[in-house]
>>> print(open('upload.cif').read())   # mmCIF, C-alpha atoms
data_query
#
loop_
_atom_site.label_atom_id
_atom_site.label_comp_id
_atom_site.auth_asym_id
_atom_site.auth_seq_id
_atom_site.Cartn_x
_atom_site.Cartn_y
_atom_site.Cartn_z
CA MET A 1 2.60 3.56 17.12
CA PRO A 2 0.14 5.09 19.60
CA ALA A 3 -2.65 2.92 20.94
CA GLN A 4 -6.05 3.57 19.38
CA ASP A 5 -8.65 1.59 21.31
CA SER A 6 -11.48 3.12 19.28
CA PHE A 7 -10.07 2.18 15.85
CA ALA A 8 -11.89 -0.98 14.82
CA ILE A 9 -12.32 -3.20 11.75
CA SER A 10 -15.08 -5.68 10.97
CA SER A 11 -16.32 -7.89 8.16
CA ASN A 12 -19.68 -9.55 7.60
CA ALA A 13 -18.14 -12.16 5.30
CA THR A 14 -15.17 -13.01 7.52
CA PRO A 15 -15.60 -11.84 11.13
CA ASP A 16 -12.66 -11.68 13.52
CA GLY A 17 -11.83 -15.12 14.87
CA SER A 18 -13.81 -16.97 12.20
CA GLU A 19 -12.79 -19.31 9.43
CA VAL A 20 -12.10 -17.53 6.14
CA ALA A 21 -15.38 -17.47 4.19
CA PRO A 22 -15.48 -19.87 1.22
CA GLN A 23 -15.90 -17.02 -1.28
CA GLN A 24 -12.55 -15.54 -0.15
CA LEU A 25 -10.63 -18.73 -1.04
CA VAL A 26 -8.85 -19.26 -4.35
CA ALA A 27 -10.68 -21.23 -7.05
CA SER A 28 -8.53 -24.34 -6.53
CA LEU A 29 -10.10 -24.61 -3.05
CA GLY A 30 -13.63 -24.02 -4.37
CA GLY A 31 -13.66 -20.29 -3.69
CA GLU A 32 -14.39 -17.20 -5.75
CA ASN A 33 -11.17 -15.36 -4.82
CA LEU A 34 -13.13 -12.32 -3.59
CA SER A 35 -11.70 -9.93 -1.05
CA PRO A 36 -13.92 -9.74 2.05
CA ASP A 37 -16.08 -6.75 2.79
CA LEU A 38 -14.32 -4.58 5.37
CA SER A 39 -15.67 -1.74 7.50
CA TRP A 40 -13.80 0.42 9.94
CA SER A 41 -14.43 3.23 12.39
CA GLY A 42 -12.68 5.34 14.99
CA ALA A 43 -9.67 6.35 12.93
CA PRO A 44 -7.43 8.80 14.76
CA GLU A 45 -7.45 12.54 14.21
CA GLY A 46 -5.14 13.48 11.37
CA THR A 47 -6.01 10.50 9.18
CA ARG A 48 -5.78 11.58 5.54
CA SER A 49 -5.93 8.15 3.87
CA PHE A 50 -6.05 4.42 4.56
CA ALA A 51 -4.25 1.30 3.44
CA VAL A 52 -5.46 -2.29 3.65
CA THR A 53 -3.30 -5.39 3.92
CA CYS A 54 -3.86 -9.13 4.19
CA TYR A 55 -0.97 -11.17 5.54
CA ASP A 56 -0.46 -14.87 6.35
CA PRO A 57 2.29 -15.06 9.01
CA ASP A 58 2.14 -18.88 8.96
CA ALA A 59 3.17 -19.42 5.34
CA PRO A 60 6.24 -21.66 5.07
CA THR A 61 8.40 -18.99 3.44
CA GLY A 62 10.38 -17.63 6.36
CA SER A 63 8.73 -14.26 5.83
CA GLY A 64 5.01 -15.01 5.61
CA PHE A 65 2.85 -14.35 2.56
CA TRP A 66 1.18 -11.11 1.44
CA HIS A 67 -2.25 -11.64 -0.12
CA TRP A 68 -3.24 -7.99 -0.50
CA VAL A 69 -1.63 -4.56 -0.22
CA ALA A 70 -3.86 -1.61 -1.16
CA TRP A 71 -3.34 2.07 -0.40
CA ASP A 72 -4.32 5.67 -1.16
CA ILE A 73 -7.85 4.93 0.01
CA PRO A 74 -9.47 8.32 0.71
CA ALA A 75 -9.96 9.31 4.36
CA THR A 76 -13.70 9.67 3.72
CA THR A 77 -13.90 5.92 3.00
CA THR A 78 -14.98 3.71 5.90
CA SER A 79 -15.59 0.45 4.07
CA LEU A 80 -14.66 -1.68 1.09
CA PRO A 81 -17.22 -3.94 -0.57
CA LEU A 82 -17.00 -7.67 -1.10
CA GLY A 83 -14.80 -8.39 -4.10
CA VAL A 84 -12.76 -5.24 -4.73
CA ALA A 85 -11.81 -5.37 -8.41
CA ARG A 86 -8.13 -5.63 -9.29
CA ASP A 87 -8.50 -2.50 -11.44
CA ASP A 88 -10.59 -0.46 -8.95
CA ALA A 89 -9.57 3.15 -9.66
CA THR A 90 -10.42 4.38 -6.13
CA LEU A 91 -7.25 2.84 -4.66
CA LEU A 92 -3.84 1.48 -5.64
CA GLN A 93 -3.07 -2.25 -5.33
CA ALA A 94 0.35 -3.85 -5.56
CA ALA A 95 1.14 -7.26 -6.93
CA ASN A 96 0.74 -9.74 -4.07
CA ASP A 97 3.00 -12.71 -3.40
CA PHE A 98 1.12 -14.70 -6.05
CA GLY A 99 2.29 -12.02 -8.52
CA ASN A 100 -1.19 -10.60 -9.19
CA ALA A 101 -2.34 -7.04 -8.56
CA GLY A 102 -5.05 -6.92 -5.89
CA TYR A 103 -6.40 -9.62 -3.62
CA ASP A 104 -5.81 -13.35 -3.89
CA GLY A 105 -7.25 -15.58 -1.21
CA PRO A 106 -5.85 -18.31 0.97
CA GLU A 107 -4.25 -21.37 -0.57
CA PRO A 108 -2.21 -22.87 2.27
CA PRO A 109 -0.50 -26.23 2.02
CA PRO A 110 -2.13 -29.12 3.91
CA GLY A 111 -1.37 -29.15 7.60
CA ALA A 112 -1.70 -26.73 10.47
CA PRO A 113 -4.18 -23.83 10.26
CA HIS A 114 -2.96 -20.52 8.86
CA ARG A 115 -3.94 -17.10 10.18
CA TYR A 116 -5.00 -14.37 7.76
CA GLN A 117 -4.59 -10.89 9.20
CA PHE A 118 -6.73 -8.25 7.50
CA SER A 119 -5.58 -4.81 8.62
CA VAL A 120 -6.65 -1.24 7.97
CA HIS A 121 -3.92 1.33 8.50
CA ALA A 122 -4.71 5.01 9.15
CA LEU A 123 -2.19 7.27 7.43
CA PRO A 124 -1.33 10.97 7.86
CA VAL A 125 -0.88 11.54 4.11
CA GLU A 126 -3.37 11.62 1.22
CA SER A 127 -0.98 9.62 -0.93
CA LEU A 128 1.92 7.35 -0.04
CA GLY A 129 3.68 8.46 -3.22
CA VAL A 130 4.22 4.82 -4.18
CA ALA A 131 3.32 3.73 -7.72
CA ALA A 132 0.99 0.74 -8.13
CA ASP A 133 3.62 -1.11 -10.16
CA SER A 134 6.14 -0.88 -7.31
CA PRO A 135 6.90 -4.04 -5.34
CA HIS A 136 4.54 -4.36 -2.38
CA ILE A 137 7.50 -3.99 -0.02
CA ALA A 138 7.74 -0.31 -1.07
CA ALA A 139 4.10 0.30 -0.16
CA ARG A 140 4.41 -1.70 3.06
CA PHE A 141 7.50 0.25 4.09
CA ALA A 142 5.66 3.54 3.53
CA ILE A 143 2.57 2.24 5.37
CA PHE A 144 4.35 0.84 8.41
CA THR A 145 6.72 3.78 8.87
CA GLN A 146 3.94 6.38 8.70
CA GLN A 147 0.78 4.81 10.13
CA LEU A 148 -1.03 6.63 12.88
CA ALA A 149 -2.81 3.46 13.97
CA SER A 150 -4.02 0.15 12.61
CA ALA A 151 -6.89 -2.22 13.28
CA THR A 152 -6.70 -5.94 12.51
CA LEU A 153 -9.08 -8.85 12.29
CA THR A 154 -7.74 -12.37 12.07
CA ALA A 155 -9.41 -15.32 10.38
CA ARG A 156 -8.02 -18.78 9.84
CA TYR A 157 -8.08 -21.51 7.23
CA GLN A 158 -6.74 -25.04 7.13
CA VAL A 159 -6.39 -27.61 4.38
CA VAL A 160 -6.62 -31.09 5.87
CA ASP A 161 -4.72 -33.97 4.24
#
>>> encode(input="upload.cif", output="structure tokens")
Amino acid sequence: MPAQDSFAISSNATPDGSEVAPQQLVASLGGENLSPDLSWSGAPEGTRSFAVTCYDPDAPTGSGFWHWVAWDIPATTTSLPLGVARDDATLLQAANDFGNAGYDGPEPPPGAPHRYQFSVHALPVESLGVAADSPHIAARFAIFTQQLASATLTARYQVVD
């Protein structure tokens, strides 16, 4: 993947390097289970759509945990609002590792902090050609094998015993 120093992502609710905002957490942790607002700029030439992912590489699964995989976001879009609805018709959203379509927030086990990587991926196609009811691995494969560039912000969250 070519370097894209100008491609950037930000969030007012959950800035890079911050703790995940309370509203992004699942209800069992006192949250509202809302996806954070995300804004991006500087996508490379040739971008025809975007995808958004949220991944916890620290989950004790051996393969991390996918909280959100969304794609077919039009190239004219440069932000997503706080709390993207699970049935938002402007993008496709796979079932996450909780088994729900759309975003579900952090719910780590007690112990060490977990990192939550929110990424925007610039894609050279208008559509990945992956159906929303496909397993998220199909969308992720299409995203990661085609992306022109990606931008990531990382937030953390920890449940203390």
>>> resolve_selection(input="upload.cif", expression="the PyMOL selection byres ((chain A and resi 75) around 8)", output="list in words")
Thr47, Arg48, Ser49, Phe50, Ile73, Pro74, Thr76, Thr77, Thr78 and Glu126 of chain A
>>> resolve_selection(input="upload.cif", expression="the PyMOL selection byres ((chain A and resi 103) around 12)", output="ChimeraX atom specification")
/A:24-26,32-37,52-55,66-70,82-88,92-102,104-106,118
>>> closest_residue(input="upload.cif", among="A:Trp71, A:Gln117, A:Val125, A:Leu153", to="Arg140 of chain A", atoms="only C-alpha atoms")
A:Trp71
>>> atom_distance(input="upload.cif", atom1="atom CA of Tyr116 of chain A", atom2="atom CA of Glu19 of chain A")
9.4 Å
>>> residues_around(input="upload.cif", residues="Pro44 of chain A", least_positions_apart="4", cutoff="9 Å", atoms="all atoms listed in the file", output="short mmCIF file (atom, residue, chain, number, x, y, z; two decimals) with C-alpha atoms, keeping the file's coordinate frame")
data_model
loop_
_atom_site.label_atom_id
_atom_site.label_comp_id
_atom_site.auth_asym_id
_atom_site.auth_seq_id
_atom_site.Cartn_x
_atom_site.Cartn_y
_atom_site.Cartn_z
CA GLN A 4 -6.05 3.57 19.38
CA SER A 6 -11.48 3.12 19.28
CA PHE A 7 -10.07 2.18 15.85
CA ALA A 122 -4.71 5.01 9.15
CA LEU A 148 -1.03 6.63 12.88
CA ALA A 149 -2.81 3.46 13.97
#
>>> closest_residue(input="upload.cif", among="A:Pro81, A:Pro57, A:Pro113, A:Pro108", to="Ser39 of chain A", atoms="all atoms listed in the file")
A:Pro81
>>> residues_around(input="upload.cif", residues="Pro60 of chain A", least_positions_apart="2", cutoff="12 Å", atoms="all atoms listed in the file", output="PDB file with C-alpha atoms, in the frame of the given file")
ATOM      1  CA  ASP A  56      -0.460 -14.870   6.350  1.00  0.00           C
ATOM      2  CA  PRO A  57       2.290 -15.060   9.010  1.00  0.00           C
ATOM      3  CA  ASP A  58       2.140 -18.880   8.960  1.00  0.00           C
ATOM      4  CA  GLY A  62      10.380 -17.630   6.360  1.00  0.00           C
ATOM      5  CA  SER A  63       8.730 -14.260   5.830  1.00  0.00           C
ATOM      6  CA  GLY A  64       5.010 -15.010   5.610  1.00  0.00           C
ATOM      7  CA  PHE A  65       2.850 -14.350   2.560  1.00  0.00           C
ATOM      8  CA  GLU A 107      -4.250 -21.370  -0.570  1.00  0.00           C
ATOM      9  CA  PRO A 108      -2.210 -22.870   2.270  1.00  0.00           C
ATOM     10  CA  PRO A 109      -0.500 -26.230   2.020  1.00  0.00           C
ATOM     11  CA  PRO A 110      -2.130 -29.120   3.910  1.00  0.00           C
ATOM     12  CA  GLY A 111      -1.370 -29.150   7.600  1.00  0.00           C
ATOM     13  CA  ALA A 112      -1.700 -26.730  10.470  1.00  0.00           C
ATOM     14  CA  PRO A 113      -4.180 -23.830  10.260  1.00  0.00           C
ATOM     15  CA  HIS A 114      -2.960 -20.520   8.860  1.00  0.00           C
TER      16      HIS A 114
END
>>> atom_distance(input="upload.cif", atom1="atom CA of Thr14 of chain A", atom2="atom CA of Thr154 of chain A")
8.7 Å
>>> axis_aligned_box(input="upload.cif", around="segment 130-137 of chain A", padding_each_side="5 Å", output="JSON")
{"center_x": 4.2, "center_y": 0.2, "center_z": -5.1, "size_x": 16.5, "size_y": 19.2, "size_z": 20.1}
>>> closest_residue(input="upload.cif", among="A:Ser41, A:Ser127, A:Ser28, A:Gln23", to="Ser10 of chain A", atoms="only C-alpha atoms")
A:Ser41
>>> atom_distance(input="upload.cif", atom1="atom CA of Leu80 of chain A", atom2="atom CA of Thr61 of chain A")
28.9 Å
>>> decode(input="upload.cif", residues="segment 97-112 of chain A", atoms="all heavy atoms", output="compact mmCIF listing (two decimals), in the first residue's frame")
# COMPACT_ATOMS: atom_id res chain seq x y z
N ASP A 97 -18.30 -9.04 15.26
CA ASP A 97 -18.01 -10.25 16.02
C ASP A 97 -18.98 -10.49 17.17
O ASP A 97 -19.00 -11.58 17.74
CB ASP A 97 -16.56 -10.26 16.51
CG ASP A 97 -15.59 -10.65 15.41
OD1 ASP A 97 -16.03 -11.26 14.42
OD2 ASP A 97 -14.39 -10.36 15.55
N PHE A 98 -19.82 -9.53 17.49
CA PHE A 98 -20.92 -9.76 18.43
C PHE A 98 -22.09 -10.46 17.73
O PHE A 98 -23.01 -10.95 18.37
CB PHE A 98 -21.45 -8.44 19.01
CG PHE A 98 -20.58 -7.81 20.06
CD1 PHE A 98 -19.88 -6.65 19.77
CD2 PHE A 98 -20.48 -8.34 21.33
CE1 PHE A 98 -19.10 -6.04 20.73
CE2 PHE A 98 -19.70 -7.74 22.30
CZ PHE A 98 -19.00 -6.58 22.01
N GLY A 99 -22.08 -10.42 16.37
CA GLY A 99 -23.15 -11.02 15.59
C GLY A 99 -24.21 -10.03 15.15
O GLY A 99 -25.23 -10.43 14.59
N ASN A 100 -23.97 -8.73 15.38
CA ASN A 100 -24.94 -7.69 15.03
C ASN A 100 -24.45 -6.88 13.84
O ASN A 100 -23.27 -6.54 13.76
CB ASN A 100 -25.13 -6.72 16.21
CG ASN A 100 -25.54 -7.43 17.47
OD1 ASN A 100 -26.42 -8.28 17.44
ND2 ASN A 100 -24.91 -7.09 18.58
N ALA A 101 -25.35 -6.53 12.94
CA ALA A 101 -24.98 -5.65 11.83
C ALA A 101 -24.67 -4.27 12.39
O ALA A 101 -25.35 -3.78 13.30
CB ALA A 101 -26.12 -5.55 10.83
N GLY A 102 -23.61 -3.63 11.88
CA GLY A 102 -23.26 -2.29 12.31
C GLY A 102 -22.25 -2.30 13.45
O GLY A 102 -21.54 -3.26 13.68
N TYR A 103 -22.24 -1.17 14.16
CA TYR A 103 -21.26 -0.94 15.23
C TYR A 103 -21.75 -1.45 16.57
O TYR A 103 -22.91 -1.26 16.93
CB TYR A 103 -21.01 0.58 15.35
CG TYR A 103 -20.13 0.97 16.51
CD1 TYR A 103 -18.75 0.95 16.39
CD2 TYR A 103 -20.68 1.36 17.72
CE1 TYR A 103 -17.94 1.32 17.44
CE2 TYR A 103 -19.87 1.73 18.79
CZ TYR A 103 -18.50 1.70 18.64
OH TYR A 103 -17.71 2.07 19.70
N ASP A 104 -20.85 -2.09 17.30
CA ASP A 104 -21.03 -2.38 18.72
C ASP A 104 -19.74 -1.98 19.40
O ASP A 104 -18.65 -2.30 18.92
CB ASP A 104 -21.32 -3.86 18.97
CG ASP A 104 -22.79 -4.19 18.78
OD1 ASP A 104 -23.63 -3.53 19.43
OD2 ASP A 104 -23.11 -5.08 17.99
N GLY A 105 -19.87 -1.29 20.50
CA GLY A 105 -18.72 -0.72 21.19
C GLY A 105 -17.91 -1.68 22.02
O GLY A 105 -18.22 -2.87 22.13
N PRO A 106 -16.87 -1.15 22.64
CA PRO A 106 -15.99 -1.94 23.48
C PRO A 106 -16.71 -2.59 24.65
O PRO A 106 -17.60 -2.01 25.27
CB PRO A 106 -14.98 -0.91 24.00
CG PRO A 106 -14.94 0.13 22.93
CD PRO A 106 -16.36 0.22 22.45
N GLU A 107 -16.27 -3.81 24.92
CA GLU A 107 -16.72 -4.56 26.10
C GLU A 107 -15.61 -5.56 26.46
O GLU A 107 -15.81 -6.77 26.46
CB GLU A 107 -18.03 -5.30 25.82
CG GLU A 107 -18.64 -5.91 27.06
CD GLU A 107 -19.97 -6.59 26.78
OE1 GLU A 107 -20.20 -7.08 25.66
OE2 GLU A 107 -20.79 -6.62 27.70
N PRO A 108 -14.41 -5.02 26.76
CA PRO A 108 -13.29 -5.92 27.03
C PRO A 108 -13.42 -6.58 28.40
O PRO A 108 -14.10 -6.07 29.28
CB PRO A 108 -12.09 -4.98 27.01
CG PRO A 108 -12.64 -3.68 27.50
CD PRO A 108 -14.02 -3.61 26.90
N PRO A 109 -12.76 -7.71 28.57
CA PRO A 109 -12.73 -8.31 29.90
C PRO A 109 -11.86 -7.46 30.82
O PRO A 109 -11.04 -6.67 30.36
CB PRO A 109 -12.09 -9.68 29.64
CG PRO A 109 -11.26 -9.49 28.43
CD PRO A 109 -12.00 -8.47 27.59
N PRO A 110 -12.04 -7.60 32.13
CA PRO A 110 -11.17 -6.86 33.06
C PRO A 110 -9.71 -7.20 32.81
O PRO A 110 -9.36 -8.31 32.43
CB PRO A 110 -11.63 -7.36 34.44
CG PRO A 110 -13.02 -7.84 34.23
CD PRO A 110 -13.04 -8.41 32.83
N GLY A 111 -8.86 -6.21 33.03
CA GLY A 111 -7.43 -6.43 32.87
C GLY A 111 -6.76 -5.31 32.12
O GLY A 111 -7.14 -4.14 32.25
N ALA A 112 -5.82 -5.68 31.30
CA ALA A 112 -5.01 -4.71 30.55
C ALA A 112 -5.87 -3.89 29.59
O ALA A 112 -6.92 -4.36 29.13
CB ALA A 112 -3.92 -5.45 29.77
